[in-house]
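Novice: Here's a structure for you.
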Amino acid sequence: MASYQAGILTVDVFMKLYYAPHTCSLSPHIVLRELSLPFELIRVDNRTKQTEDGQDFFGINPKGYVAALETEEGHVITEGPVILQYLADLKPEAGLIPLPDQWEKVRMQEWLAFINSEIHAGLAPLFNKELPHEARAMFSDRISKRFDFLESRLQHDSYLMGSSFSVADAYLFTVLGWCQFFDISLEKWPALSAYKAVIEERPSVQAALAAEQARA
C-alpha cells in the first residue's frame with residue numbers, strides 16, 4: 001500500500017502487469033524495473049485473449065488489449081501513457097517524470113501525446129498484412145516525416161526531455177522497436193538510431209527484454 005511520509009511518497013506495493021510480447025506493454029514493464037517496484041508479469045495471448053494463468057482478459061480489461069496494470073487495491077489502469085505517469089508518480093524522486101508544479105510536466109505530457117498519436121498510431125496499422133499498398137506507403141511516408149522531427153530534436157539532446165531518461169523515452173524506445181517488423185531502417189536517422197541503441201543498453205531495458213523473451 002502506498003503511503004506518505006515526511007512529504008515523500010513511500011511505496012510498498014505489489015502490482016500485476018498484463019503484457020504481450022512486441023507490444024506497447026514493454027514500456028511500463030521497463031519503467032517498473034527502472035523504479036525497482038515489485039510486480040508480477042502476466043502474459044496475455046492476443047489471439048485468444050486468455051492470460052497465462054487462465055483468465056479471460058476481457059474480464060480484466062474490457063477493451064481487450066494490453067497494457068493493463070492492476071494495483072494492489074485491485075484497480076485496473078489501462079492506456080500506456082496513463083500507466084507510465086501513474087508509475088513514475090509513485091517514486092517522483094527517481095526523476096522519470098517532472099513534479100506536478102513544474103512546467104516540464106506539460107512538456108512530458110506533450111511528448112507522451114505525440115508518441116501515442118503520431119508514432120504508436122502511425123506504426124500500428126502496418127501490422128495489418130491486408131493493408132493496401134497505397135495505404136501502407138502513406139503511413140510509411142507519414143512516419144518518415146515524424147522521424148525527421150525526432151532526428152532534429154535528438155541531434156541536440158540525449159533524451160526527449162534533455163539530459164535524463166524519462167517515461168517518454170521508455171515509450172518511444174518501445175514503439176521504435178516495431179520498425180524491425182516493417183523493414184524500416186533507422187540508419188537514415190543516425191541520431192534517432194544512436195538514441196535507441198543507448199536506451200537498449202539500460203539494465204532495466206535489458207532485464208525487461210530478457211524476461212519477455214524467456215516467456216515467449
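We name chains A, B, ... following the order of the C-alpha cells; residues begin at 1 in each chain, and ligands are numbered from 1 as shown.
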So that each row is one residue of segment 140-166 of chain A with an atom at most 10 Å from segment 103-115 of chain A, can you give its shortest atom pair and the distance in Å to one decimal, using only C-alpha atoms, rows by chain and rising number, as a tab-separated table?

Specialist:
residue	atom	partner	partner_atom	distance
A:Arg146	CA	A:Phe114	CA	9.5
A:Leu160	CA	A:Trp111	CA	7.6
A:Met161	CA	A:Met108	CA	7.1
A:Ser166	CA	A:Met108	CA	8.5

Novice: For Met15 of chain A, list every protein, DNA or RNA residue within 7 Å, evaluated using only C-alpha atoms, and leave out those in the same chain fewer than 3 positions away; present the list as a list in words.

Specialist: Pro38, Phe39, Glu40, Leu69, Glu70, Thr71 and Glu72 of chain A

Novice: Skip Ile83 of chain A itself and residues of its chain fewer than 4 positions away, then list as a PyMOL selection string all residues within 8 Å of it, counting only C-alpha atoms.

Specialist: chain A and resi 28+68-69+77-79+87

Novice: Rank A:Ile119, A:Leu96, A:Val82, A:Leu90 by their smallest atom-to-atom distance to Phe165 of chain A, using only C-alpha atoms, and report the top residue only.

Specialist: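 Residue with the minimum atom-to-atom distance to Phe165 of chain A: A:Leu96.
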
Novice: Rank nothing, just name the residue among A:Asn61, A:Ser144, A:Gln213, A:Ser163 nearest to Cys179 of chain A, using only C-alpha atoms.

Specialist: A:Ser144

Novice: For each of A:Leu192, A:Val175, A:Ala197, A:Ile184, take the minimum atom-to-atom distance to Arg153 of chain A, counting only C-alpha atoms, then give the residue where this is smallest.

Specialist: A:Leu192

Novice: Compile the contact shell of Gly64 of chain A as an mmCIF file with C-alpha atoms, in the first residue's frame: residues with an atom at most 10 Å away, counting only C-alpha atoms, same-chain residues fewer than 4 positions apart removed.

Specialist:
data_model
loop_
_atom_site.group_PDB
_atom_site.id
_atom_site.type_symbol
_atom_site.label_atom_id
_atom_site.label_comp_id
_atom_site.auth_asym_id
_atom_site.auth_seq_id
_atom_site.Cartn_x
_atom_site.Cartn_y
_atom_site.Cartn_z
ATOM 1 C CA VAL A 44 -1.791 -12.296 -22.452
ATOM 2 C CA ASN A 46 -3.518 -11.576 -28.101
ATOM 3 C CA LYS A 49 -7.490 -13.081 -25.082
ATOM 4 C CA GLN A 50 -6.595 -15.560 -22.357
ATOM 5 C CA ASP A 56 -10.441 -14.137 -19.655
ATOM 6 C CA PHE A 57 -8.541 -10.924 -20.331
ATOM 7 C CA PHE A 58 -11.760 -9.126 -21.275
ATOM 8 C CA GLY A 59 -12.732 -9.552 -17.637
ATOM 9 C CA ILE A 60 -9.637 -7.574 -16.650
ATOM 10 C CA ALA A 68 -3.173 -3.247 -18.200
#

Novice: Which residue gives the smallest distance to Glu201 of chain A among A:Gly122, A:Phe173, A:Ala137, A:Phe14, with only C-alpha atoms counted?

Specialist: A:Phe173

Novice: For Tyr18 of chain A, please output as a list in words all residues within 8 Å (counting only C-alpha atoms; exclusion window: fewer than 2 positions along the same chain).

Specialist: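 Final neighbour list, sorted by chain and number: Lys16, Ala20, Ser25, Leu41, Ile42, Arg43, Val44, Val66, Ala67, Ala68 and Leu69 of chain A.
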
Novice: Report the residues of chain A whose backbone DSSP state falls under strand (DSSP E or B), written as an MDAnalysis selection string.

Specialist: chainID A and resid 3:5 8:10 15:19 39:45 50:51 56 68:70 76:78 159 162

Novice: As a PyMOL selection string, please: the residues near Gln155 of chain A (cut-off 10 Å, only C-alpha atoms, same-chain neighbours under 4 positions excluded).

Specialist: chain A and resi 150-151+159+189-192+194-195

Novice: At what distance in Å, to one decimal, does atom CA of Glu118 of chain A lie from atom CA of Arg142 of chain A?

Specialist: 8.7 Å
